[in-house]
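Structure file protein.csv; described as CSV, C-alpha atoms (C1' of nucleotides).
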chain,number,residue,atom,x,y,z
P,1,MET,CA,-31.6,13.3,9.2
P,2,GLN,CA,-34.7,11.8,10.5
P,3,LYS,CA,-34.9,10.4,13.9
P,4,SER,CA,-36.9,7.3,14.9
P,5,GLY,CA,-36.9,7.5,18.7
P,6,LYS,CA,-39.8,7.4,21.1
P,7,SER,CA,-41.6,10.3,19.6
P,8,GLY,CA,-42.1,8.6,16.3
P,9,ARG,CA,-43.3,5.5,18.0
P,10,SER,CA,-45.9,7.1,20.1
P,11,MET,CA,-47.6,8.6,17.1
P,12,LEU,CA,-47.6,5.7,14.7
P,13,ASN,CA,-47.1,2.0,15.1
P,14,ILE,CA,-43.8,1.8,13.3
P,15,PRO,CA,-42.3,-1.7,13.3
P,16,LYS,CA,-39.3,-2.2,15.6
P,17,VAL,CA,-36.0,-3.5,14.6
P,18,VAL,CA,-32.8,-4.0,16.6
P,19,VAL,CA,-29.4,-3.6,15.1
P,20,ILE,CA,-26.2,-5.1,16.6
P,21,LEU,CA,-23.1,-3.7,15.1
P,22,GLY,CA,-19.4,-3.4,15.7
P,23,PRO,CA,-16.0,-4.1,14.2
P,24,ASN,CA,-15.0,-7.6,13.3
P,25,SER,CA,-14.1,-10.0,16.2
P,26,SER,CA,-16.3,-8.1,18.6
P,27,GLY,CA,-18.7,-10.9,19.2
P,28,LYS,CA,-21.7,-9.6,17.4
P,29,SER,CA,-23.0,-12.9,16.1
P,30,SER,CA,-23.1,-14.6,19.4
P,31,LEU,CA,-24.7,-11.7,21.1
P,32,GLY,CA,-27.4,-11.6,18.4
P,33,VAL,CA,-28.1,-15.3,18.9
P,34,SER,CA,-28.3,-15.1,22.6
P,35,LEU,CA,-30.6,-12.2,22.5
P,36,ALA,CA,-32.8,-14.1,20.1
P,37,VAL,CA,-32.8,-17.1,22.3
P,38,LEU,CA,-33.9,-15.0,25.3
P,39,LEU,CA,-36.6,-13.4,23.3
P,40,GLY,CA,-37.8,-16.8,22.3
P,41,TYR,CA,-38.6,-17.9,25.9
P,42,GLU,CA,-42.3,-18.3,26.6
P,43,LYS,CA,-42.2,-16.0,29.5
P,44,THR,CA,-40.5,-13.2,27.6
P,45,LYS,CA,-42.8,-13.7,24.7
P,46,GLU,CA,-45.8,-13.2,26.8
P,47,GLU,CA,-44.3,-10.3,28.7
P,48,LEU,CA,-43.3,-8.4,25.6
P,49,ASN,CA,-46.1,-9.7,23.4
P,50,ILE,CA,-43.7,-10.9,20.8
P,51,ASN,CA,-43.1,-14.1,19.0
P,52,GLY,CA,-39.4,-14.4,19.3
P,53,ALA,CA,-36.7,-13.1,17.0
P,54,GLU,CA,-34.7,-14.0,13.9
P,55,ILE,CA,-31.5,-12.7,12.6
P,56,ILE,CA,-30.5,-10.9,9.5
P,57,SER,CA,-26.8,-10.8,8.8
P,58,ALA,CA,-25.5,-7.6,7.5
P,59,ASP,CA,-22.1,-8.7,6.4
P,60,SER,CA,-21.1,-8.3,2.8
P,61,ARG,CA,-18.9,-11.4,2.7
P,62,GLN,CA,-21.2,-13.8,4.6
P,63,THR,CA,-23.7,-13.4,1.8
P,64,TYR,CA,-21.4,-15.7,-0.3
P,65,LYS,CA,-21.6,-19.4,-0.2
P,66,GLY,CA,-18.3,-21.1,0.6
P,67,LEU,CA,-16.8,-18.1,2.3
P,68,ASP,CA,-17.1,-19.6,5.8
P,69,ILE,CA,-13.9,-19.6,7.9
P,70,GLY,CA,-12.5,-16.6,6.1
P,71,SER,CA,-15.5,-14.5,6.7
P,72,GLY,CA,-16.0,-15.7,10.2
P,73,LYS,CA,-19.4,-17.0,9.4
P,74,ILE,CA,-21.5,-18.3,12.2
P,75,THR,CA,-21.9,-22.1,12.1
P,76,LYS,CA,-25.2,-24.0,12.1
P,77,LYS,CA,-24.5,-25.2,15.6
P,78,GLU,CA,-23.8,-21.7,16.8
P,79,MET,CA,-27.1,-20.5,15.5
P,80,LEU,CA,-28.8,-22.5,18.3
P,81,GLY,CA,-31.8,-23.0,16.1
P,82,ILE,CA,-32.4,-19.3,15.5
P,83,PRO,CA,-33.2,-18.6,11.8
P,84,HIS,CA,-30.5,-16.6,10.1
P,85,HIS,CA,-31.1,-14.7,6.9
P,86,MET,CA,-28.8,-13.2,4.2
P,87,ILE,CA,-26.1,-15.8,4.7
P,88,ASP,CA,-25.1,-18.0,1.8
P,89,VAL,CA,-27.5,-16.3,-0.6
P,90,ALA,CA,-25.0,-15.6,-3.4
P,91,SER,CA,-22.3,-17.2,-5.4
P,92,PRO,CA,-18.8,-16.0,-4.9
P,93,LYS,CA,-18.3,-16.2,-8.7
P,94,LYS,CA,-20.8,-13.5,-9.2
P,95,THR,CA,-21.0,-10.0,-7.9
P,96,PHE,CA,-23.6,-9.4,-5.3
P,97,SER,CA,-24.1,-5.8,-4.4
P,98,VAL,CA,-25.9,-3.7,-1.9
P,99,VAL,CA,-29.0,-3.4,-4.1
P,100,GLN,CA,-29.6,-7.1,-4.3
P,101,TYR,CA,-28.8,-7.3,-0.6
P,102,GLN,CA,-31.2,-4.6,0.2
P,103,LYS,CA,-34.0,-6.2,-1.7
P,104,TYR,CA,-33.8,-9.5,-0.1
P,105,ALA,CA,-32.9,-8.3,3.4
P,106,LYS,CA,-35.9,-6.0,3.4
P,107,LYS,CA,-38.1,-8.8,2.3
P,108,ALA,CA,-36.7,-10.9,5.2
P,109,VAL,CA,-37.2,-8.2,7.7
P,110,ASN,CA,-40.8,-7.8,6.6
P,111,ASN,CA,-41.4,-11.5,6.7
P,112,ILE,CA,-40.1,-11.7,10.2
P,113,LEU,CA,-42.2,-8.8,11.3
P,114,GLY,CA,-45.2,-10.6,9.7
P,115,LEU,CA,-44.6,-13.5,12.0
P,116,GLY,CA,-44.8,-11.2,14.9
P,117,LYS,CA,-41.1,-11.6,15.6
P,118,LEU,CA,-38.3,-9.1,16.1
P,119,PRO,CA,-35.8,-8.8,13.3
P,120,ILE,CA,-32.3,-8.5,14.7
P,121,ILE,CA,-29.8,-7.1,12.2
P,122,VAL,CA,-26.3,-8.2,13.0
P,123,GLY,CA,-23.4,-7.1,11.1
P,124,GLY,CA,-20.3,-5.0,10.5
P,125,THR,CA,-21.0,-3.7,7.0
P,126,GLY,CA,-22.4,-0.3,7.8
P,127,PHE,CA,-23.5,0.4,4.3
P,128,TYR,CA,-25.6,-2.8,4.3
P,129,VAL,CA,-27.1,-2.1,7.6
P,130,ASP,CA,-28.1,1.4,6.4
P,131,SER,CA,-29.6,-0.1,3.2
P,132,ILE,CA,-32.2,-1.9,5.3
P,133,ILE,CA,-33.0,0.6,8.1
P,134,TYR,CA,-33.2,3.6,5.9
P,135,ASP,CA,-35.4,4.2,2.9
P,136,MET,CA,-32.6,4.3,0.5
P,137,SER,CA,-33.5,3.9,-3.1
P,138,PHE,CA,-30.6,3.5,-5.3
P,139,PRO,CA,-30.7,4.8,-8.8
P,140,ALA,CA,-31.9,2.2,-11.2
P,141,ALA,CA,-28.7,2.0,-13.2
P,142,PRO,CA,-27.3,-1.4,-13.1
P,143,PRO,CA,-23.6,-1.9,-13.6
P,144,GLN,CA,-22.6,-1.5,-17.3
P,145,MET,CA,-19.4,-3.5,-17.6
P,146,LYS,CA,-18.4,-2.3,-21.0
P,147,PHE,CA,-19.0,1.3,-20.0
P,148,ARG,CA,-16.9,0.9,-16.9
P,149,LYS,CA,-14.1,-0.8,-18.8
P,150,ARG,CA,-14.0,2.2,-21.1
P,151,LEU,CA,-14.0,4.8,-18.4
P,152,GLU,CA,-11.5,3.0,-16.2
P,153,LYS,CA,-8.9,3.8,-18.8
P,154,LEU,CA,-9.2,7.5,-17.9
P,155,ASN,CA,-7.5,8.9,-14.9
P,156,ALA,CA,-9.3,10.4,-12.0
P,157,SER,CA,-9.0,14.0,-13.0
P,158,GLU,CA,-10.3,13.3,-16.4
P,159,LEU,CA,-13.3,11.5,-15.0
P,160,PHE,CA,-13.9,14.3,-12.6
P,161,GLU,CA,-13.9,16.9,-15.3
P,162,GLN,CA,-16.5,14.9,-17.2
P,163,LEU,CA,-18.6,14.6,-14.1
P,164,LYS,CA,-18.3,18.3,-13.4
P,165,ARG,CA,-19.7,19.0,-16.8
P,166,LEU,CA,-22.5,16.6,-16.7
P,167,ASP,CA,-23.5,16.9,-13.0
P,168,PRO,CA,-22.0,19.8,-11.2
P,169,GLU,CA,-24.1,19.0,-8.1
P,170,ARG,CA,-22.7,15.5,-7.7
P,171,ALA,CA,-19.3,16.8,-8.5
P,172,LYS,CA,-19.4,19.1,-5.5
P,173,ASP,CA,-19.2,16.5,-2.9
P,174,ILE,CA,-17.9,13.4,-4.6
P,175,ASP,CA,-14.4,12.2,-3.8
P,176,LYS,CA,-12.6,13.4,-6.9
P,177,HIS,CA,-9.7,11.0,-6.4
P,178,ASN,CA,-11.9,7.9,-6.2
P,179,LYS,CA,-12.2,6.5,-9.7
P,180,ARG,CA,-14.6,3.8,-8.6
P,181,ARG,CA,-17.1,6.4,-7.4
P,182,LEU,CA,-16.5,8.7,-10.3
P,183,VAL,CA,-17.2,5.9,-12.8
P,184,ARG,CA,-20.3,4.9,-11.0
P,185,ALA,CA,-21.6,8.5,-11.0
P,186,LEU,CA,-21.0,8.8,-14.7
P,187,GLU,CA,-22.6,5.4,-15.2
P,188,ILE,CA,-25.8,6.6,-13.5
P,189,ILE,CA,-25.9,9.6,-15.7
P,190,GLU,CA,-25.2,7.6,-18.8
P,191,TYR,CA,-27.9,5.1,-18.0
P,192,THR,CA,-30.6,7.2,-16.6
P,193,GLY,CA,-29.9,10.3,-18.7
P,194,LYS,CA,-30.3,12.3,-15.6
P,195,PRO,CA,-28.1,13.7,-12.8
P,196,VAL,CA,-27.3,11.5,-9.9
P,197,PRO,CA,-30.3,11.6,-7.6
P,198,GLN,CA,-30.1,12.4,-4.0
P,199,ILE,CA,-30.7,9.4,-1.7
P,200,SER,CA,-33.0,9.9,1.1
P,201,ARG,CA,-32.2,8.6,4.5
P,202,THR,CA,-35.4,8.5,6.4
P,203,TYR,CA,-36.0,5.7,8.8
P,204,GLU,CA,-38.0,2.8,7.6
P,205,TYR,CA,-38.4,1.3,11.1
P,206,ASP,CA,-38.1,2.2,14.7
P,207,VAL,CA,-34.5,1.2,15.2
P,208,LEU,CA,-32.5,0.4,18.3
P,209,LYS,CA,-28.8,0.3,17.6
P,210,ILE,CA,-26.4,-1.4,19.9
P,211,GLY,CA,-22.7,-1.2,19.2
P,212,ILE,CA,-20.0,-3.5,20.7
P,213,GLY,CA,-17.0,-1.4,21.3
P,214,PHE,CA,-13.9,-3.0,22.8
P,215,PRO,CA,-10.9,-0.8,23.7
P,216,LYS,CA,-8.4,-1.0,20.9
P,217,SER,CA,-5.9,-3.1,22.7
P,218,VAL,CA,-8.5,-5.7,23.6
P,219,LEU,CA,-9.9,-5.8,20.1
P,220,LYS,CA,-6.4,-6.3,18.8
P,221,GLU,CA,-5.9,-9.3,21.0
P,222,ARG,CA,-9.2,-10.8,20.0
P,223,ILE,CA,-8.4,-10.3,16.3
P,224,SER,CA,-5.1,-12.0,16.7
P,225,LYS,CA,-6.6,-15.0,18.6
P,226,ARG,CA,-9.4,-15.4,16.1
P,227,LEU,CA,-7.1,-15.2,13.1
P,228,ASN,CA,-4.8,-17.9,14.5
P,229,LYS,CA,-7.7,-20.1,15.3
P,230,ARG,CA,-9.1,-19.8,11.8
P,231,LEU,CA,-5.8,-20.5,10.3
P,232,ASP,CA,-5.6,-23.7,12.4
P,233,ASN,CA,-9.1,-24.5,11.3
P,234,GLY,CA,-8.3,-24.7,7.7
P,235,MET,CA,-8.7,-21.2,6.3
P,236,VAL,CA,-6.0,-21.8,3.8
P,237,GLU,CA,-7.7,-24.9,2.6
P,238,GLU,CA,-10.9,-23.1,2.2
P,239,VAL,CA,-9.4,-20.5,-0.1
P,240,LYS,CA,-7.6,-23.2,-2.0
P,241,SER,CA,-10.8,-25.1,-2.6
P,242,LEU,CA,-12.7,-22.0,-3.5
P,243,HIS,CA,-10.2,-21.3,-6.2
P,244,ASN,CA,-10.4,-24.9,-7.4
P,245,SER,CA,-14.1,-24.5,-7.7
P,246,GLY,CA,-13.7,-21.6,-10.0
P,247,VAL,CA,-13.3,-18.4,-8.0
P,248,SER,CA,-10.6,-16.5,-9.8
P,249,TRP,CA,-7.6,-15.0,-8.1
P,250,LYS,CA,-8.8,-11.6,-9.3
P,251,LYS,CA,-12.1,-12.2,-7.4
P,252,MET,CA,-10.1,-13.2,-4.3
P,253,ASP,CA,-8.4,-9.9,-4.4
P,254,ASP,CA,-11.7,-8.2,-4.6
P,255,LEU,CA,-13.1,-10.1,-1.7
P,256,GLY,CA,-10.2,-8.7,0.3
P,257,LEU,CA,-8.6,-9.5,3.6
P,258,GLU,CA,-8.5,-13.3,4.3
P,259,TYR,CA,-9.3,-14.1,0.7
P,260,ARG,CA,-6.9,-11.7,-0.8
P,261,TYR,CA,-3.8,-12.5,1.4
P,262,VAL,CA,-4.3,-16.2,1.7
P,263,SER,CA,-4.6,-16.3,-2.1
P,264,HIS,CA,-1.4,-14.3,-2.3
P,265,TYR,CA,0.2,-17.0,-0.2
P,266,LEU,CA,-1.2,-19.8,-2.3
P,267,ARG,CA,0.2,-18.0,-5.3
P,268,ARG,CA,3.6,-17.9,-3.6
P,269,MET,CA,3.7,-14.2,-3.7
P,270,ILE,CA,4.3,-14.1,0.0
P,271,SER,CA,5.4,-16.5,2.7
P,272,TYR,CA,3.1,-18.0,5.3
P,273,GLU,CA,4.5,-15.7,8.0
P,274,GLU,CA,4.1,-12.7,5.8
P,275,MET,CA,0.6,-13.7,5.1
P,276,ARG,CA,-0.2,-14.0,8.8
P,277,LYS,CA,1.4,-10.7,9.7
P,278,THR,CA,-0.2,-8.8,6.8
P,279,LEU,CA,-3.6,-10.2,7.6
P,280,PHE,CA,-3.3,-9.3,11.2
P,281,ALA,CA,-2.4,-5.7,10.3
P,282,GLU,CA,-5.0,-5.5,7.6
P,283,ILE,CA,-7.8,-6.8,9.7
P,284,GLN,CA,-7.1,-4.2,12.3
P,285,LYS,CA,-7.1,-1.5,9.7
P,286,PHE,CA,-10.4,-2.8,8.5
P,287,ALA,CA,-11.8,-2.7,12.0
P,288,LYS,CA,-10.8,0.9,12.1
P,289,ARG,CA,-12.6,1.7,8.9
P,290,GLN,CA,-15.7,0.1,10.3
P,291,MET,CA,-15.4,2.2,13.4
P,292,THR,CA,-15.0,5.3,11.3
P,293,TRP,CA,-18.3,4.6,9.7
P,294,PHE,CA,-20.1,3.8,12.9
P,295,LYS,CA,-18.7,6.8,14.7
P,296,ARG,CA,-20.8,9.2,12.6
P,297,ASP,CA,-24.0,7.7,14.0
P,298,LYS,CA,-24.6,9.3,17.3
P,299,GLU,CA,-27.7,7.1,18.0
P,300,ILE,CA,-25.7,4.0,18.6
P,301,ILE,CA,-25.7,2.8,22.1
P,302,TRP,CA,-22.2,1.5,22.8
P,303,ILE,CA,-21.3,-1.1,25.2
P,304,ASN,CA,-17.8,-2.1,26.1
P,305,PRO,CA,-17.8,-5.7,27.3
P,306,SER,CA,-14.5,-5.5,29.0
P,307,SER,CA,-15.6,-2.8,31.3
P,308,ILE,CA,-18.8,-4.4,32.6
P,309,LYS,CA,-19.3,-7.1,35.2
P,310,GLU,CA,-22.1,-8.9,33.4
P,311,SER,CA,-22.0,-10.5,30.0
P,312,PRO,CA,-22.9,-8.4,26.9
P,313,THR,CA,-26.1,-10.2,26.7
P,314,GLU,CA,-27.1,-9.5,30.3
P,315,LYS,CA,-26.2,-5.9,29.7
P,316,VAL,CA,-28.1,-5.5,26.4
P,317,PHE,CA,-31.2,-7.6,27.0
P,318,PRO,CA,-32.8,-5.1,29.4
P,319,ILE,CA,-32.2,-2.3,26.9
P,320,VAL,CA,-33.9,-4.4,24.2
P,321,LYS,CA,-36.8,-5.2,26.5
P,322,GLU,CA,-37.3,-1.6,27.3
P,323,PHE,CA,-37.2,-0.7,23.6
P,324,LEU,CA,-39.9,-3.3,22.9
P,325,SER,CA,-42.2,-2.5,25.7
U,1,G,C1',45.8,-4.6,15.5
U,2,C,C1',45.4,-3.5,10.1
U,3,A,C1',42.0,-2.9,5.8
U,4,C,C1',37.4,-1.9,3.8
U,5,G,C1',32.0,-0.9,4.5
U,6,G,C1',28.5,1.3,7.5
U,7,G,C1',25.8,4.3,11.6
U,8,U,C1',19.7,9.1,8.7
U,9,G,C1',13.1,10.4,11.8
U,10,G,C1',9.2,4.4,15.8
U,11,C,C1',11.3,0.6,12.1
U,12,A,C1',13.1,-0.4,7.1
U,13,G,C1',15.6,2.5,3.7
U,14,A,C1',16.9,6.9,-0.1
U,15,G,C1',19.7,11.2,-0.2
U,16,U,C1',26.5,12.1,-0.9
U,17,G,C1',27.9,20.5,-0.6
U,18,G,C1',22.7,24.6,-1.4
U,19,A,C1',15.8,23.5,-4.0
U,20,C,C1',16.3,18.8,3.1
U,21,A,C1',12.5,18.8,8.4
U,22,A,C1',14.9,15.3,4.7
U,23,U,C1',12.1,10.5,-1.5
U,24,U,C1',9.6,6.0,-0.5
U,25,G,C1',7.6,1.7,2.2
U,26,C,C1',5.9,-0.1,7.0
U,27,A,C1',3.8,1.2,11.6
U,28,C,C1',0.8,5.0,13.8
U,29,C,C1',-3.3,9.0,13.9
U,30,A,C1',-7.6,11.0,11.5
U,31,G,C1',-11.3,11.0,7.7
U,32,A,C1',-14.6,9.9,3.3
U,33,C,C1',-18.3,6.5,1.6
U,34,U,C1',-25.3,7.3,-3.8
U,35,G,C1',-25.2,-0.9,-7.0
U,36,U,C1',-17.6,-3.9,-6.2
U,37,A,C1',-18.2,-1.4,0.7
U,38,A,C1',-13.5,-7.0,3.9
U,39,A,C1',-14.0,-3.0,-1.7
U,40,U,C1',-12.4,1.9,-3.1
U,41,C,C1',-10.4,6.6,-1.8
U,42,U,C1',-8.2,11.1,1.2
U,43,G,C1',-5.3,13.8,4.8
U,44,G,C1',-1.6,13.9,8.8
U,45,C,C1',2.8,11.9,10.8
U,46,G,C1',10.5,16.2,14.7
U,47,G,C1',9.0,20.3,18.2
U,48,C,C1',6.6,25.2,18.9
U,49,C,C1',3.3,28.8,17.9
U,50,U,C1',0.4,34.7,16.6
U,51,A,C1',0.0,28.6,11.9
U,52,G,C1',3.7,31.7,8.3
U,53,C,C1',5.6,28.7,2.7
U,54,G,C1',7.4,31.4,10.6
U,55,C,C1',10.8,29.9,14.4
U,56,C,C1',13.7,26.1,16.9
U,57,U,C1',16.2,21.3,17.3
U,58,A,C1',17.9,17.5,14.0
U,59,C,C1',20.9,12.9,9.9
U,60,G,C1',26.2,8.3,16.0
U,61,G,C1',29.6,12.2,19.6
U,62,G,C1',33.1,16.2,19.2
U,63,G,C1',36.0,19.5,16.2
U,64,G,C1',37.0,21.7,11.4
U,65,U,C1',36.6,23.5,6.0
U,66,U,C1',32.8,26.6,3.6
U,67,C,C1',28.7,32.2,2.4
U,68,G,C1',26.3,27.3,3.2
U,69,A,C1',27.2,20.2,5.3
U,70,A,C1',23.1,14.6,6.4
U,71,U,C1',26.5,15.3,2.3
U,72,C,C1',33.9,17.3,2.4
U,73,C,C1',38.2,16.8,6.2
U,74,C,C1',40.0,15.2,11.3
U,75,U,C1',39.0,12.6,15.6
U,76,C,C1',36.3,9.5,19.0
U,77,U,C1',32.7,5.7,19.4
U,78,C,C1',29.6,1.7,17.8
U,79,C,C1',28.2,-2.2,14.2
U,80,G,C1',29.4,-5.5,9.9
U,81,U,C1',33.0,-7.9,6.8
U,82,G,C1',38.0,-9.4,5.3
U,83,C,C1',43.2,-10.0,6.8
U,84,A,C1',46.2,-10.9,10.8

Starting from the file, give its structure as structure tokens.
Amino acid sequence: MQKSGKSGRSMLNIPKVVVILGPNSSGKSSLGVSLAVLLGYEKTKEELNINGAEIISADSRQTYKGLDIGSGKITKKEMLGIPHHMIDVASPKKTFSVVQYQKYAKKAVNNILGLGKLPIIVGGTGFYVDSIIYDMSFPAAPPQMKFRKRLEKLNASELFEQLKRLDPERAKDIDKHNKRRLVRALEIIEYTGKPVPQISRTYEYDVLKIGIGFPKSVLKERISKRLNKRLDNGMVEEVKSLHNSGVSWKKMDDLGLEYRYVSHYLRRMISYEEMRKTLFAEIQKFAKRQMTWFKRDKEIIWINPSSIKESPTEKVFPIVKEFLS
RNA sequence: GCACGGGUGGCAGAGUGGACAAUUGCACCAGACUGUAAAUCUGGCGGCCUAGCGCCUACGGGGGUUCGAAUCCCUCUCCGUGCA
């Protein structure tokens, strides 16, 4: 794996990008905004020779229009005038995947850089973050729905056998129980006529990664508070109106978490209390999965807001400044 | 007081003489991640270790029957229900 770091920077003038990541309910969005605000002050701009900052959201659900409360989307007001990208760029009735995301997000990053500004990538979808900061080129094999439908009828071991025959290399490290991955691998082979290519992960930018890491018990508390608040603020209504506007129940299930369980409640499959309890538990599990992803990356600088005297912003801003200077 | 029913691992809940350290779900722990990534998927989950298909302690307490009991019998105890 390639390393960005200071060595790379000293040799070439690689554009700089800051990433703010962490599990949900960790306060990424507001940290991102306040950093951008600080970077927008005239004095800072002069000092760092920068033109301010803009934000790129790396959240797979916030790309969809209408998924606001449920996805914990930042509000216009909370943006404090800082431009945000990759929010509300897709219709929830359609599938928006990492490839589209990557294309537009990279464009946005480069535009921001072109303005002499710092792109701040803020998000909890690790895969999406990676798709921007690394030079990942996904195989040009768009989803083939009929093909998938056909393969989905087979069980995992049958799919695995096929893959082993067609692409022993990919079969070596694929998860042989995961039908979704197996189907996709076979789809790539079917469409390109070639084995599944290796994806490179070299850095595209000079990246500073900041992670917000609360202790588990604190995060749990934050998740609970935030969930209740969002329920009070009309989350159920939001899901109801999404469905009324044509988002299918099936799609709600795919969207997961809030959309999945609130829709179960609306469909009278579970009670309100069951919904709340399940959601609370599922969101925590999700936070864990997010952390599992992030833990692999040893370059992330973690800060734990509950163990420091100053605010996260006060803690992080100097780190960003140093990175930029 | 009598009569039934029941007390199983953190919880729920199977098992009713050997294949049971005990199905399953939840909770918990850990992990994967090549166009659905809030999705999808995997492993662990009584204790101990020289990690073996090894040893120990276990299915409310005690005692018994049996080669062998979570499973049968006796007794105590607790909970539920019905009758007094």

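Relative to atom CA of P:Asp232, atom CA of P:Thr125 is found at 25.8 Å.
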
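The residue that comes closest to U:A30, out of P:Ser325, P:Asn111, P:Ser200, P:Thr292 and on the basis of only C-alpha atoms (C1' of nucleotides), is P:Thr292.
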
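Interatomic distance, atom CA of P:Glu322 to atom CA of P:Met136: 27.8 Å.
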
Please, which residues in chain P fall within 8 Å of chain U when counting all atoms listed in the file, and what is the closest atom pair and distance in Å to one decimal for each, ordered by chain then residue number, as a tab-separated table?
residue	atom	partner	partner_atom	distance
P:Ser60	CA	U:A37	C1'	7.8
P:Arg61	CA	U:A38	C1'	7.1
P:Thr95	CA	U:U36	C1'	7.2
P:Ser97	CA	U:G35	C1'	5.7
P:Val98	CA	U:G35	C1'	5.9
P:Val99	CA	U:G35	C1'	5.4
P:Thr125	CA	U:A37	C1'	7.3
P:Phe127	CA	U:A37	C1'	6.7
P:Phe138	CA	U:U34	C1'	6.7
P:Pro139	CA	U:U34	C1'	7.8
P:Ala141	CA	U:G35	C1'	7.7
P:Pro142	CA	U:G35	C1'	6.5
P:Pro143	CA	U:G35	C1'	6.9
P:Asp175	CA	U:C41	C1'	7.2
P:His177	CA	U:C41	C1'	6.4
P:Asn178	CA	U:C41	C1'	4.8
P:Arg180	CA	U:U40	C1'	6.2
P:Arg181	CA	U:U40	C1'	7.8
P:Val196	CA	U:U34	C1'	7.7
P:Pro197	CA	U:U34	C1'	7.6
P:Gln198	CA	U:U34	C1'	7.0
P:Ile199	CA	U:U34	C1'	6.2
P:Asp254	CA	U:A39	C1'	6.4
P:Leu255	CA	U:A38	C1'	6.4
P:Gly256	CA	U:A38	C1'	5.2
P:Leu257	CA	U:A38	C1'	5.5
P:Phe286	CA	U:A38	C1'	7.0
P:Thr292	CA	U:G31	C1'	7.7

- Task: List every protein, DNA or RNA residue that has an atom no more than 6 Å from (-11.1, -16.4, -3.3) in the file's coordinate frame, counting only C-alpha atoms (C1' of nucleotides), and report them as number ranges by chain.
- Result: P: 239, 242-243, 247, 251-252, 259

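Distances here use only C-alpha atoms; by that measure, the residue among P:Glu310, P:Glu204, P:Glu238, P:Asp297 closest to P:Ser71 is P:Glu238.
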
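For the pair atom CA of P:Ile223 and atom CA of P:Ile283, the interatomic distance is 7.5 Å.
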
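Using all atoms listed in the file, the smallest distance between any of P:Ala156, P:Ile174, P:Ile120, P:Leu219 and P:Val33 comes from P:Ile120.
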
- Considering only C-alpha atoms (C1' of nucleotides), return as an NGL selection string whatever protein or nucleic-acid residues lie within 12 Å of U:U57, sequence-local ones (same chain, fewer than 6 positions apart) excluded. :U and (21 or 46-48)

- Message: When you look at stretch 112-118 of chain P with a cut-off of 8 Å (counting all atoms listed in the file), what residues show up, excluding the ones that are within fewer than 5 positions of it in the same chain? I need them as a PyMOL selection string.
- Response: chain P and resi 15-18+50-54

- Task: Scan for residues within 12 Å of the point (22.1, 23.9, -1.0) in the coordinates of the file, using all atoms listed in the file, and reply as a ChimeraX atom specification.
- Result: /U:17-20,66-71

Output C-alpha atoms (C1' of nucleotides) for every residue in the selection just made, as an mmCIF file, in the frame of the given file.
data_model
loop_
_atom_site.group_PDB
_atom_site.id
_atom_site.type_symbol
_atom_site.label_atom_id
_atom_site.label_comp_id
_atom_site.auth_asym_id
_atom_site.auth_seq_id
_atom_site.Cartn_x
_atom_site.Cartn_y
_atom_site.Cartn_z
ATOM 1 C "C1'" G U 17 27.900 20.500 -0.600
ATOM 2 C "C1'" G U 18 22.700 24.600 -1.400
ATOM 3 C "C1'" A U 19 15.800 23.500 -4.000
ATOM 4 C "C1'" C U 20 16.300 18.800 3.100
ATOM 5 C "C1'" U U 66 32.800 26.600 3.600
ATOM 6 C "C1'" C U 67 28.700 32.200 2.400
ATOM 7 C "C1'" G U 68 26.300 27.300 3.200
ATOM 8 C "C1'" A U 69 27.200 20.200 5.300
ATOM 9 C "C1'" A U 70 23.100 14.600 6.400
ATOM 10 C "C1'" U U 71 26.500 15.300 2.300
#

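Restricting the calculation to all atoms listed in the file, the smallest distance between P:Lys149 and any of P:Glu258, P:Asp59, P:Glu187, P:Asp68 is found for P:Glu187.
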
- Message: Need the shell around stretch 210-216 of chain P: protein/DNA/RNA residues with any atom at most 9 Å away, counting only C-alpha atoms (C1' of nucleotides). Skip same-chain ones fewer than 6 positions apart. Format as a list in words?
- Response: Val18, Val19, Ile20, Leu21, Gly22, Pro23, Ser26, Gly27, Lys28, Met291, Phe294, Glu299, Ile300, Ile301, Trp302, Ile303, Asn304, Pro305, Ser306, Ser307, Pro312 and Val316 of chain P

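Using all atoms listed in the file, the shortest contact distance between P:Asn244 and any of P:Leu166, P:Leu48, P:Ala108, P:Leu266 is found at P:Leu266.
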
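Excluding P:Ser91 itself and any same-chain residue fewer than 3 positions from it, the protein and nucleic acid residues within 6 Å of it, counting only C-alpha atoms (C1' of nucleotides), are Tyr64, Lys65 and Lys94 of chain P.
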
- Have a look at P:Lys298, P:His264, P:Lys285, P:Lys220 and name the one nearest to U:C28; count only C-alpha atoms (C1' of nucleotides). P:Lys285

Could you name the residues that touch P:Ile69 at 8 Å or less, counting all atoms listed in the file, but leaving out those on the same chain fewer than 3 positions away, as a PDB file with C-alpha atoms, keeping the file's coordinate frame?
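Contents of the output file selection-v2.pdb:
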ATOM      1  CA  GLY P  72     -16.000 -15.700  10.200  1.00  0.00           C
ATOM      2  CA  LYS P  73     -19.400 -17.000   9.400  1.00  0.00           C
ATOM      3  CA  ARG P 230      -9.100 -19.800  11.800  1.00  0.00           C
ATOM      4  CA  ASN P 233      -9.100 -24.500  11.300  1.00  0.00           C
ATOM      5  CA  GLY P 234      -8.300 -24.700   7.700  1.00  0.00           C
ATOM      6  CA  MET P 235      -8.700 -21.200   6.300  1.00  0.00           C
ATOM      7  CA  GLU P 238     -10.900 -23.100   2.200  1.00  0.00           C
TER       8      GLU P 238
END
